file data-v9.cif (mmCIF, C-alpha atoms and all ligand atoms)
data_target
loop_
_atom_site.label_atom_id
_atom_site.label_comp_id
_atom_site.auth_asym_id
_atom_site.auth_seq_id
_atom_site.Cartn_x
_atom_site.Cartn_y
_atom_site.Cartn_z
CA MET A 1 77.85 138.91 117.15
CA LYS A 2 78.29 142.61 116.42
CA ASP A 3 79.11 144.10 113.02
CA PHE A 4 82.81 144.55 112.40
CA LYS A 5 84.24 146.76 109.65
CA GLN A 6 85.08 144.66 106.56
CA ARG A 7 88.83 144.63 106.76
CA VAL A 8 91.42 142.45 105.06
CA PHE A 9 94.86 141.64 106.47
CA SER A 10 97.57 139.58 104.83
CA GLY A 11 101.34 139.37 104.88
CA VAL A 12 104.48 138.07 103.23
CA GLN A 13 107.72 137.20 104.98
CA PRO A 14 110.89 138.99 103.86
CA SER A 15 112.76 135.71 104.22
CA GLY A 16 114.24 135.79 100.72
CA ASP A 17 113.40 136.92 97.21
CA LEU A 18 109.68 136.94 96.39
CA THR A 19 108.79 133.95 94.25
CA LEU A 20 106.28 133.19 91.54
CA GLY A 21 104.50 131.19 94.30
CA ASN A 22 104.09 134.28 96.47
CA TYR A 23 102.84 136.20 93.43
CA LEU A 24 100.33 133.68 92.04
CA GLY A 25 99.32 132.21 95.39
CA ALA A 26 98.98 135.48 97.29
CA ILE A 27 99.81 138.98 96.02
CA LYS A 28 98.02 138.73 92.65
CA ASN A 29 94.81 137.78 94.46
CA TRP A 30 95.03 140.77 96.77
CA ILE A 31 94.85 143.36 94.01
CA GLY A 32 91.10 143.08 93.40
CA LEU A 33 90.34 143.24 97.13
CA GLN A 34 91.51 146.84 97.37
CA ASP A 35 88.27 148.19 95.88
CA THR A 36 85.94 146.18 98.11
CA TYR A 37 87.63 146.12 101.51
CA GLU A 38 89.83 148.22 103.69
CA THR A 39 93.11 146.43 103.00
CA ILE A 40 96.25 146.08 105.11
CA PHE A 41 99.28 144.33 103.59
CA CYS A 42 102.23 143.69 105.81
CA VAL A 43 105.85 142.70 105.29
CA VAL A 44 106.09 140.35 108.25
CA ASP A 45 109.68 140.78 109.39
CA LEU A 46 108.93 139.51 112.92
CA HIS A 47 107.85 136.24 111.32
CA ALA A 48 110.94 136.14 109.11
CA ILE A 49 113.34 135.99 112.07
CA THR A 50 111.77 132.76 113.31
CA THR A 51 114.51 131.32 111.08
CA TRP A 52 117.95 132.98 110.90
CA GLN A 53 118.19 136.12 108.72
CA GLU A 54 121.33 138.17 108.07
CA PRO A 55 120.41 141.70 109.26
CA ASP A 56 121.46 143.54 106.08
CA ILE A 57 119.78 140.97 103.88
CA LEU A 58 116.60 141.21 105.98
CA ARG A 59 116.52 145.01 105.57
CA ASN A 60 116.93 144.68 101.82
CA ALA A 61 114.35 141.89 101.54
CA THR A 62 111.87 144.00 103.53
CA ARG A 63 112.11 146.78 100.94
CA GLU A 64 112.04 144.19 98.16
CA VAL A 65 108.78 142.63 99.35
CA ALA A 66 107.22 146.10 99.58
CA ALA A 67 108.51 146.89 96.07
CA GLY A 68 107.13 143.55 94.82
CA MET A 69 103.69 144.30 96.25
CA ILE A 70 103.59 147.77 94.69
CA ALA A 71 104.99 146.60 91.33
CA SER A 72 102.32 143.86 91.25
CA GLY A 73 99.49 146.35 91.69
CA ILE A 74 99.04 146.96 95.42
CA ASP A 75 98.34 150.67 95.50
CA PRO A 76 99.72 152.53 98.54
CA LYS A 77 96.91 155.08 98.10
CA LYS A 78 94.30 152.36 98.55
CA SER A 79 96.05 149.96 100.93
CA ILE A 80 98.15 150.24 104.05
CA ILE A 81 101.60 148.78 103.31
CA PHE A 82 104.12 148.57 106.14
CA ASN A 83 106.57 146.28 107.88
CA GLN A 84 105.37 144.52 111.00
CA SER A 85 108.20 145.45 113.40
CA GLN A 86 107.27 149.14 113.11
CA VAL A 87 103.94 148.52 114.87
CA SER A 88 104.61 147.13 118.33
CA ALA A 89 100.97 146.11 118.87
CA HIS A 90 101.66 142.92 116.87
CA ALA A 91 104.27 141.70 119.36
CA GLU A 92 102.31 142.89 122.40
CA LEU A 93 99.11 141.14 121.37
CA ALA A 94 101.09 138.03 120.37
CA TRP A 95 102.28 137.74 123.97
CA ILE A 96 98.73 137.86 125.26
CA PHE A 97 97.79 135.22 122.68
CA ASN A 98 100.70 133.04 123.80
CA CYS A 99 98.83 132.94 127.08
CA VAL A 100 95.45 132.24 125.45
CA ALA A 101 96.52 129.51 123.00
CA ARG A 102 97.05 125.99 124.33
CA MET A 103 100.15 123.86 123.83
CA GLY A 104 97.98 121.11 122.38
CA TRP A 105 96.75 123.45 119.66
CA LEU A 106 100.26 124.46 118.62
CA ASN A 107 101.49 120.87 118.77
CA ARG A 108 99.10 120.08 115.94
CA MET A 109 100.45 122.73 113.53
CA THR A 110 101.85 120.94 110.50
CA GLN A 111 103.88 123.90 109.25
CA PHE A 112 106.01 123.84 112.40
CA LYS A 113 106.68 120.16 111.86
CA GLU A 114 107.62 120.76 108.22
CA LYS A 115 109.82 123.79 108.91
CA ALA A 116 111.48 122.44 112.05
CA GLY A 117 112.26 119.20 110.23
CA LYS A 118 113.85 116.33 112.11
CA ASN A 119 115.67 118.55 114.54
CA LYS A 120 112.75 120.04 116.52
CA GLU A 121 114.93 120.66 119.57
CA ARG A 122 116.98 123.18 117.62
CA ALA A 123 114.04 125.11 116.12
CA SER A 124 113.46 128.57 117.57
CA VAL A 125 110.66 129.07 120.09
CA GLY A 126 109.48 131.82 117.73
CA LEU A 127 108.87 129.25 115.00
CA TYR A 128 106.72 127.26 117.42
CA VAL A 129 104.56 130.24 118.43
CA TYR A 130 104.48 131.66 114.89
CA PRO A 131 100.70 130.98 114.60
CA ASP A 132 100.04 133.08 117.74
CA LEU A 133 101.84 136.01 116.13
CA MET A 134 99.83 135.45 112.96
CA ALA A 135 96.63 135.59 115.02
CA ALA A 136 97.87 138.85 116.56
CA ASP A 137 98.66 140.31 113.11
CA ILE A 138 95.08 139.76 112.05
CA LEU A 139 93.26 140.55 115.27
CA THR A 140 95.24 143.64 116.20
CA TYR A 141 93.20 145.26 113.39
CA ARG A 142 90.11 143.17 114.12
CA ALA A 143 90.38 142.14 110.46
CA THR A 144 87.37 140.19 109.26
CA HIS A 145 88.83 138.55 106.15
CA VAL A 146 92.15 136.95 105.39
CA PRO A 147 93.16 135.73 101.94
CA VAL A 148 94.93 132.45 102.54
CA GLY A 149 96.62 129.77 100.54
CA ALA A 150 95.83 126.14 101.31
CA ASP A 151 99.02 125.92 103.41
CA GLN A 152 97.79 128.65 105.76
CA LYS A 153 94.29 127.31 106.45
CA GLN A 154 95.30 125.54 109.63
CA HIS A 155 96.85 128.73 111.04
CA LEU A 156 93.68 130.65 110.28
CA GLU A 157 91.63 128.05 112.12
CA LEU A 158 93.90 128.63 115.10
CA THR A 159 93.29 132.39 114.84
CA ARG A 160 89.57 131.69 115.06
CA ASP A 161 90.11 129.42 118.07
CA ILE A 162 92.22 132.07 119.83
CA ALA A 163 89.63 134.81 119.14
CA GLN A 164 86.84 132.59 120.42
CA LYS A 165 88.72 131.54 123.57
CA PHE A 166 89.68 135.15 124.32
CA ASN A 167 86.04 136.26 123.92
CA SER A 168 84.77 133.43 126.08
CA ASP A 169 87.52 133.59 128.79
CA TYR A 170 86.89 137.30 129.31
CA GLY A 171 83.14 137.22 128.62
CA VAL A 172 83.36 139.74 125.77
CA ASP A 173 82.35 139.98 122.13
CA PHE A 174 85.55 141.69 121.15
CA PHE A 175 87.29 139.80 118.36
CA PRO A 176 85.50 138.93 115.12
CA GLU A 177 85.24 135.47 113.65
CA VAL A 178 87.79 135.79 110.88
CA GLU A 179 86.73 134.43 107.50
CA PRO A 180 89.17 133.00 104.98
CA LEU A 181 89.03 134.44 101.46
CA ILE A 182 89.66 131.55 99.17
CA PHE A 183 90.18 132.22 95.50
CA GLY A 184 88.60 130.01 92.86
CA ALA A 185 91.79 129.44 90.96
CA ALA A 186 94.03 129.58 94.03
CA THR A 187 97.30 128.26 92.75
CA ARG A 188 99.73 126.23 94.75
CA VAL A 189 102.95 126.64 92.82
CA MET A 190 105.36 123.77 93.19
CA SER A 191 109.14 123.66 92.88
CA LEU A 192 110.51 123.57 89.32
CA ARG A 193 112.85 120.78 90.45
CA ASP A 194 110.36 118.62 92.33
CA GLY A 195 106.63 118.83 91.65
CA ASN A 196 105.80 117.41 95.08
CA ILE A 197 107.22 120.23 97.19
CA LYS A 198 106.08 123.85 97.14
CA MET A 199 108.07 126.58 95.48
CA SER A 200 109.74 128.39 98.37
CA LYS A 201 111.93 131.44 98.92
CA SER A 202 114.17 129.43 101.19
CA ASP A 203 114.71 126.40 98.92
CA PRO A 204 118.51 126.07 98.57
CA SER A 205 118.17 125.46 94.81
CA GLU A 206 117.88 128.72 92.80
CA ASN A 207 116.54 126.71 89.86
CA SER A 208 113.62 125.48 91.95
CA ARG A 209 111.92 128.85 91.76
CA ILE A 210 111.33 131.97 89.72
CA ASN A 211 112.10 135.07 91.71
CA LEU A 212 110.44 138.40 91.06
CA THR A 213 113.98 139.79 90.96
CA ASP A 214 114.93 137.55 87.98
CA ASN A 215 115.36 139.30 84.65
CA ARG A 216 113.64 138.14 81.47
CA ASP A 217 116.58 135.91 80.41
CA LEU A 218 116.77 134.17 83.74
CA ILE A 219 113.01 133.59 83.92
CA SER A 220 113.16 131.99 80.50
CA LYS A 221 116.22 129.85 81.36
CA LYS A 222 114.66 128.55 84.57
CA ILE A 223 111.49 127.49 82.73
CA GLN A 224 113.57 125.74 80.05
CA LYS A 225 115.50 123.92 82.78
CA ALA A 226 112.38 122.92 84.77
CA ARG A 227 112.18 119.20 85.39
CA THR A 228 109.69 117.36 83.17
CA ASP A 229 109.34 113.93 81.59
CA SER A 230 109.58 112.64 78.05
CA GLU A 231 105.88 111.83 77.54
CA PRO A 232 103.70 114.10 75.38
CA LEU A 233 100.87 116.00 77.09
CA PRO A 234 97.47 114.31 77.28
CA ALA A 235 94.10 116.00 76.63
CA THR A 236 92.95 116.12 80.27
CA LEU A 237 94.45 116.80 83.66
CA SER A 238 93.27 113.47 85.04
CA GLU A 239 95.26 111.62 82.38
CA LEU A 240 98.39 113.29 83.75
CA GLY A 241 98.14 110.91 86.70
CA ASP A 242 101.11 111.35 89.03
CA ARG A 243 103.21 113.46 86.65
CA ALA A 244 103.60 116.15 89.32
CA GLU A 245 106.08 118.34 87.41
CA ALA A 246 103.90 118.36 84.28
CA LYS A 247 100.82 119.27 86.35
CA ASN A 248 102.70 122.10 88.02
CA LEU A 249 103.79 123.67 84.73
CA ILE A 250 100.26 123.44 83.36
CA ASN A 251 98.89 125.08 86.51
CA ILE A 252 101.45 127.86 86.23
CA PHE A 253 100.52 128.38 82.58
CA ALA A 254 96.83 128.50 83.50
CA ALA A 255 97.36 130.95 86.36
CA LEU A 256 99.57 133.28 84.32
CA SER A 257 97.19 133.29 81.37
CA GLU A 258 94.12 133.40 83.66
CA ARG A 259 92.67 130.34 81.95
CA ASP A 260 91.36 127.03 83.10
CA ALA A 261 94.05 124.33 83.50
CA GLU A 262 91.89 121.80 81.61
CA ALA A 263 91.70 124.14 78.62
CA VAL A 264 95.49 124.61 78.64
CA CYS A 265 95.97 120.85 78.74
CA LEU A 266 93.64 120.37 75.78
CA ASP A 267 95.50 123.02 73.76
CA TYR A 268 98.75 121.07 74.11
CA GLU A 269 97.33 117.58 73.64
CA GLY A 270 99.88 115.29 72.01
CA ARG A 271 102.65 117.89 72.07
CA GLY A 272 105.97 117.55 73.85
CA PHE A 273 107.48 119.69 76.58
CA ALA A 274 109.97 121.47 74.31
CA GLU A 275 107.15 123.39 72.63
CA PHE A 276 105.10 123.80 75.80
CA LYS A 277 108.07 125.19 77.74
CA ARG A 278 108.91 127.62 74.95
CA ASP A 279 105.38 129.05 75.15
CA LEU A 280 105.40 129.02 78.95
CA ALA A 281 108.72 130.90 78.98
CA ASP A 282 107.29 133.55 76.61
CA LEU A 283 104.13 133.84 78.70
CA SER A 284 106.08 134.10 81.98
CA VAL A 285 108.34 136.78 80.58
CA SER A 286 105.41 138.77 79.22
CA VAL A 287 103.52 138.69 82.54
CA LEU A 288 106.43 138.91 84.99
CA GLY A 289 108.83 141.08 82.96
CA PRO A 290 107.01 144.37 83.61
CA ILE A 291 106.68 143.51 87.32
CA THR A 292 110.35 142.61 87.78
CA GLU A 293 111.39 145.78 85.92
CA GLU A 294 109.13 148.02 88.01
CA MET A 295 110.43 146.31 91.14
CA ALA A 296 114.02 147.02 90.12
CA ARG A 297 113.10 150.65 89.47
CA LEU A 298 111.47 150.97 92.90
CA MET A 299 114.47 149.34 94.59
CA ASN A 300 116.57 152.21 93.25
CA ASP A 301 114.32 154.65 95.09
CA LYS A 302 114.76 153.64 98.71
CA THR A 303 113.55 157.04 99.96
CA TYR A 304 110.20 156.43 98.26
CA LEU A 305 109.91 152.87 99.60
CA ASP A 306 110.88 153.83 103.14
CA GLY A 307 108.37 156.69 102.98
CA ILE A 308 105.58 154.27 102.00
CA LEU A 309 106.54 151.87 104.80
CA SER A 310 106.70 154.57 107.42
CA GLU A 311 103.43 156.23 106.38
CA GLY A 312 101.83 152.78 106.28
CA ALA A 313 103.14 152.06 109.79
CA ASN A 314 101.65 155.35 111.07
CA ASN A 315 98.27 154.49 109.62
CA ALA A 316 98.45 150.90 110.88
CA ASN A 317 99.39 152.16 114.32
CA LYS A 318 96.37 154.47 114.39
CA LEU A 319 94.12 151.46 113.84
CA ALA A 320 95.98 149.06 116.14
CA SER A 321 96.65 151.26 119.19
CA PRO A 322 93.06 151.79 120.37
CA ILE A 323 92.29 148.09 119.83
CA LEU A 324 95.35 147.02 121.85
CA LYS A 325 94.39 149.49 124.59
CA GLN A 326 90.97 147.92 124.88
CA VAL A 327 92.53 144.44 125.02
CA GLN A 328 94.82 145.57 127.83
CA GLU A 329 91.81 146.87 129.75
CA ILE A 330 89.87 143.65 129.18
CA VAL A 331 92.83 141.57 130.38
CA GLY A 332 93.22 143.72 133.50
CA PHE A 333 96.57 145.41 132.90
CA LEU A 334 96.84 148.48 135.13
CA ARG A 335 97.73 151.52 133.05
CA PRO A 336 97.48 154.51 135.43
N1 LIG B 1 104.48 127.97 96.36
C1 LIG B 1 103.44 128.69 96.72
N2 LIG B 1 102.26 128.56 96.07
C2 LIG B 1 101.20 129.31 96.44
N3 LIG B 1 101.21 130.22 97.42
C3 LIG B 1 102.36 130.40 98.08
N4 LIG B 1 102.71 131.20 99.10
C4 LIG B 1 104.01 130.99 99.41
N5 LIG B 1 104.53 130.05 98.61
C5 LIG B 1 103.53 129.64 97.78
C6 LIG B 1 101.81 132.16 99.73
O1 LIG B 1 102.50 133.39 99.83
C7 LIG B 1 102.04 134.09 101.00
C8 LIG B 1 103.20 134.61 101.74
O2 LIG B 1 103.98 133.53 102.20
P1 LIG B 1 105.06 133.79 103.30
O3 LIG B 1 106.14 134.59 102.75
O4 LIG B 1 104.41 134.39 104.49
O5 LIG B 1 105.56 132.39 103.78
P2 LIG B 1 105.65 131.01 103.14
O6 LIG B 1 104.31 130.48 102.76
O7 LIG B 1 106.45 130.18 104.08
O8 LIG B 1 106.45 131.33 101.79
P3 LIG B 1 107.80 130.74 101.32
O9 LIG B 1 108.10 131.37 100.01
O10 LIG B 1 107.79 129.24 101.36
O11 LIG B 1 108.81 131.31 102.40
P4 LIG B 1 109.86 130.53 103.27
O12 LIG B 1 110.72 129.77 102.31
O13 LIG B 1 110.62 131.59 104.01
O14 LIG B 1 109.11 129.64 104.19
C9 LIG B 1 101.19 133.11 101.80
O15 LIG B 1 99.82 133.47 101.66
C10 LIG B 1 101.47 131.78 101.17
O16 LIG B 1 100.34 130.93 101.23
#

call {"tool": "encode", "arguments": {"input": "data-v9.cif", "output": "structure tokens"}}
result
Amino acid sequence: MKDFKQRVFSGVQPSGDLTLGNYLGAIKNWIGLQDTYETIFCVVDLHAITTWQEPDILRNATREVAAGMIASGIDPKKSIIFNQSQVSAHAELAWIFNCVARMGWLNRMTQFKEKAGKNKERASVGLYVYPDLMAADILTYRATHVPVGADQKQHLELTRDIAQKFNSDYGVDFFPEVEPLIFGAATRVMSLRDGNIKMSKSDPSENSRINLTDNRDLISKKIQKARTDSEPLPATLSELGDRAEAKNLINIFAALSERDAEAVCLDYEGRGFAEFKRDLADLSVSVLGPITEEMARLMNDKTYLDGILSEGANNANKLASPILKQVQEIVGFLRP
């Protein structure tokens, strides 16, 4: 296999307010990659409309995700930041991949099953072919590395399958074998109301999540209100057993303080949640406060944000266009 440029691609959907889950599980981990790789971070608005989005809210959320990335430490001078719909190569390559991927592969995707719920017949076709678009996002830049959370691993496997099938169907060595970048302390942040489901932008309960748009008071209140139990904390994680909410709060504490979850558990051995939550609220406010404030400041400067997104789209387009052109030639599209 030939040498491909070391390039990272990742994205976040503007399907609601950015959450602590998006921050700890994704964006925070991207910051360090900017010095090692060529990095492309995308606000994936085409993905967002796989479920219904109010147009004005979508526009606002698109800017908000960009502001959240920048406020968290993604540097527009080091990384390409743009929104997906501005670069048509994503949609064009996704169509080709719709024709490469097999129904059987998509039928196995667990995220579709989770998101479509019981009423599969009423889910959009876009939601079903979401993984093909994700493969196009990555491969339209021939990205070599993708930082993924545990929930996205299956989609990345599919990207690898699509790349391989394309290469073998057309007898080329065109798309790289994409590698996942998995972070040691990759955190899966769970809902503050139910420790068995993930914290999500689209959860109907506001108290289930911390948004990066929440002010210091609200962050603190949501932590205080988080569901817990009446038992004191044990010395080790394994002794927590199936206390999912307790585990989640300890993991959040560990991720925010960049410490090992076992060490956090040991620190609070024998203590109750009132004290633990007070400290977690203070910690959350001290880490997230500056980010939420910078985000609010950026949201007041739409000209700046739109400028970043449009410059990012230009740069992304410069990378994507020649790759798409080669794909079109390989596939046999006549372009006189
Ligand atoms: N709770 C989470 N814990 C850890 N990582 C998370 N991510 C999302 N939620 C958590 C990671 O954030 C990145 C961007 O996610 P996305 O916006 O593309 O879609 P998602 O995973 O579907 O996020 P949400 O918040 O749950 O959105 P909705 O409610 O619209 O579906 C991904 O890398 C993801 O792993």

call {"tool": "closest_residue", "arguments": {"input": "data-v9.cif", "among": "A:Ile81, A:Ile40, A:Ile197, A:Ile70", "to": "ligand LIG 1 (chain B)", "atoms": "only C-alpha atoms and all ligand atoms"}}
result
A:Ile197

call {"tool": "residues_around", "arguments": {"input": "data-v9.cif", "residues": "range 281-295 of chain A", "least_positions_apart": "3", "cutoff": "7 Å", "atoms": "all atoms listed in the file", "output": "PyMOL selection string"}}
result
chain A and resi 67-68+71-72+212-216+219-220+223+256+277-278+298-299

call {"tool": "write_last_selection", "arguments": {"input": "data-v9.cif", "atoms": "C-alpha atoms", "output": "PDB file, in the frame of the given file"}}
result
ATOM      1  CA  ALA A  67     108.510 146.890  96.070  1.00  0.00           C
ATOM      2  CA  GLY A  68     107.130 143.550  94.820  1.00  0.00           C
ATOM      3  CA  ALA A  71     104.990 146.600  91.330  1.00  0.00           C
ATOM      4  CA  SER A  72     102.320 143.860  91.250  1.00  0.00           C
ATOM      5  CA  LEU A 212     110.440 138.400  91.060  1.00  0.00           C
ATOM      6  CA  THR A 213     113.980 139.790  90.960  1.00  0.00           C
ATOM      7  CA  ASP A 214     114.930 137.550  87.980  1.00  0.00           C
ATOM      8  CA  ASN A 215     115.360 139.300  84.650  1.00  0.00           C
ATOM      9  CA  ARG A 216     113.640 138.140  81.470  1.00  0.00           C
ATOM     10  CA  ILE A 219     113.010 133.590  83.920  1.00  0.00           C
ATOM     11  CA  SER A 220     113.160 131.990  80.500  1.00  0.00           C
ATOM     12  CA  ILE A 223     111.490 127.490  82.730  1.00  0.00           C
ATOM     13  CA  LEU A 256      99.570 133.280  84.320  1.00  0.00           C
ATOM     14  CA  LYS A 277     108.070 125.190  77.740  1.00  0.00           C
ATOM     15  CA  ARG A 278     108.910 127.620  74.950  1.00  0.00           C
ATOM     16  CA  LEU A 298     111.470 150.970  92.900  1.00  0.00           C
ATOM     17  CA  MET A 299     114.470 149.340  94.590  1.00  0.00           C
TER      18      MET A 299
END

call {"tool": "residues_around", "arguments": {"input": "data-v9.cif", "residues": "Leu319 in chain A", "least_positions_apart": "5", "cutoff": "10 Å", "atoms": "only C-alpha atoms", "output": "VMD selection string"}}
result
chain A and resid 140 to 142 313 to 314 324

call {"tool": "residues_near_ligand", "arguments": {"input": "data-v9.cif", "ligand": "ligand LIG 1 (chain B)", "cutoff": "8 Å", "atoms": "all atoms listed in the file", "output": "ChimeraX atom specification"}}
result
/A:10-16,18-27,44,47-48,115,147-152,186-191,198-203

call {"tool": "closest_residue", "arguments": {"input": "data-v9.cif", "among": "A:Asp194, A:Asp173, A:Glu269, A:Glu38", "to": "Glu231 in chain A", "atoms": "only C-alpha atoms"}}
result
A:Glu269

call {"tool": "axis_aligned_box", "arguments": {"input": "data-v9.cif", "around": "range 193-204 of chain A", "padding_each_side": "6 Å", "output": "JSON"}}
result
{"center_x": 112.2, "center_y": 124.4, "center_z": 95.8, "size_x": 24.7, "size_y": 26.0, "size_z": 22.7}

call {"tool": "residues_around", "arguments": {"input": "data-v9.cif", "residues": "Glu245 in chain A", "least_positions_apart": "4", "cutoff": "9 Å", "atoms": "all atoms listed in the file", "output": "MDAnalysis selection string"}}
result
chainID A and resid 190:196 226:229 249:250

call {"tool": "atom_distance", "arguments": {"input": "data-v9.cif", "atom1": "CA of Gln111 in chain A", "atom2": "CA of Thr50 in chain A"}}
result
12.5 Å

call {"tool": "residues_around", "arguments": {"input": "data-v9.cif", "residues": "Phe175 in chain A", "least_positions_apart": "3", "cutoff": "10 Å", "atoms": "only C-alpha atoms", "output": "list of chain:residue names"}}
result
A:Met1, A:Lys2, A:Phe4, A:Leu139, A:Thr140, A:Tyr141, A:Arg142, A:Ala143, A:Thr144, A:Arg160, A:Ile162, A:Ala163, A:Gln164, A:Lys165, A:Phe166, A:Asn167, A:Val172, A:Val178, A:Ile323, A:Val327

call {"tool": "closest_residue", "arguments": {"input": "data-v9.cif", "among": "A:Ala136, A:Val65, A:Ala263, A:Cys42", "to": "Ala101 in chain A", "atoms": "only C-alpha atoms"}}
result
A:Ala136

call {"tool": "closest_residue", "arguments": {"input": "data-v9.cif", "among": "A:His145, A:Val129, A:Gly270, A:Ala255", "to": "Leu181 in chain A", "atoms": "only C-alpha atoms"}}
result
A:His145

call {"tool": "residues_around", "arguments": {"input": "data-v9.cif", "residues": "Ala116 in chain A", "least_positions_apart": "4", "cutoff": "12 Å", "atoms": "all atoms listed in the file", "output": "PyMOL selection string"}}
result
chain A and resi 50-51+109-112+120-128+130

call {"tool": "atom_distance", "arguments": {"input": "data-v9.cif", "atom1": "CA of Asp242 in chain A", "atom2": "CA of Lys118 in chain A"}}
result
26.8 Å

call {"tool": "atom_distance", "arguments": {"input": "data-v9.cif", "atom1": "CA of Gly332 in chain A", "atom2": "CA of Ser88 in chain A"}}
result
19.3 Å

call {"tool": "closest_residue", "arguments": {"input": "data-v9.cif", "among": "A:Ala316, A:Ala66, A:Met103, A:Leu46", "to": "Tyr304 in chain A", "atoms": "all atoms listed in the file"}}
result
A:Ala66

call {"tool": "build_atoms", "arguments": {"input": "data-v9.cif", "residues": "range 287-300 of chain A", "atoms": "N, CA and C atoms", "output": "mmCIF file, in the coordinates of the input"}}
result
data_model
loop_
_atom_site.group_PDB
_atom_site.id
_atom_site.type_symbol
_atom_site.label_atom_id
_atom_site.label_comp_id
_atom_site.auth_asym_id
_atom_site.auth_seq_id
_atom_site.Cartn_x
_atom_site.Cartn_y
_atom_site.Cartn_z
ATOM 1 N N VAL A 287 104.279 138.283 81.339
ATOM 2 C CA VAL A 287 103.520 138.690 82.540
ATOM 3 C C VAL A 287 104.462 139.239 83.620
ATOM 4 N N LEU A 288 105.571 138.536 83.854
ATOM 5 C CA LEU A 288 106.430 138.910 84.990
ATOM 6 C C LEU A 288 107.425 140.012 84.643
ATOM 7 N N GLY A 289 107.822 140.085 83.361
ATOM 8 C CA GLY A 289 108.830 141.080 82.960
ATOM 9 C C GLY A 289 108.517 142.483 83.453
ATOM 10 N N PRO A 290 107.318 143.001 83.157
ATOM 11 C CA PRO A 290 107.010 144.370 83.610
ATOM 12 C C PRO A 290 107.053 144.512 85.132
ATOM 13 N N ILE A 291 106.670 143.440 85.844
ATOM 14 C CA ILE A 291 106.680 143.510 87.320
ATOM 15 C C ILE A 291 108.126 143.548 87.823
ATOM 16 N N THR A 292 108.963 142.662 87.284
ATOM 17 C CA THR A 292 110.350 142.610 87.780
ATOM 18 C C THR A 292 111.067 143.934 87.446
ATOM 19 N N GLU A 293 110.726 144.515 86.289
ATOM 20 C CA GLU A 293 111.390 145.780 85.920
ATOM 21 C C GLU A 293 110.930 146.936 86.821
ATOM 22 N N GLU A 294 109.644 146.966 87.120
ATOM 23 C CA GLU A 294 109.130 148.020 88.010
ATOM 24 C C GLU A 294 109.707 147.847 89.423
ATOM 25 N N MET A 295 109.854 146.583 89.820
ATOM 26 C CA MET A 295 110.430 146.310 91.140
ATOM 27 C C MET A 295 111.865 146.824 91.212
ATOM 28 N N ALA A 296 112.618 146.568 90.151
ATOM 29 C CA ALA A 296 114.020 147.020 90.120
ATOM 30 C C ALA A 296 114.065 148.549 90.181
ATOM 31 N N ARG A 297 113.123 149.182 89.467
ATOM 32 C CA ARG A 297 113.100 150.650 89.470
ATOM 33 C C ARG A 297 112.799 151.163 90.891
ATOM 34 N N LEU A 298 111.827 150.539 91.544
ATOM 35 C CA LEU A 298 111.470 150.970 92.900
ATOM 36 C C LEU A 298 112.621 150.734 93.876
ATOM 37 N N MET A 299 113.355 149.642 93.682
ATOM 38 C CA MET A 299 114.470 149.340 94.590
ATOM 39 C C MET A 299 115.584 150.382 94.487
ATOM 40 N N ASN A 300 115.591 151.122 93.389
ATOM 41 C CA ASN A 300 116.570 152.210 93.250
ATOM 42 C C ASN A 300 116.096 153.478 93.937
#
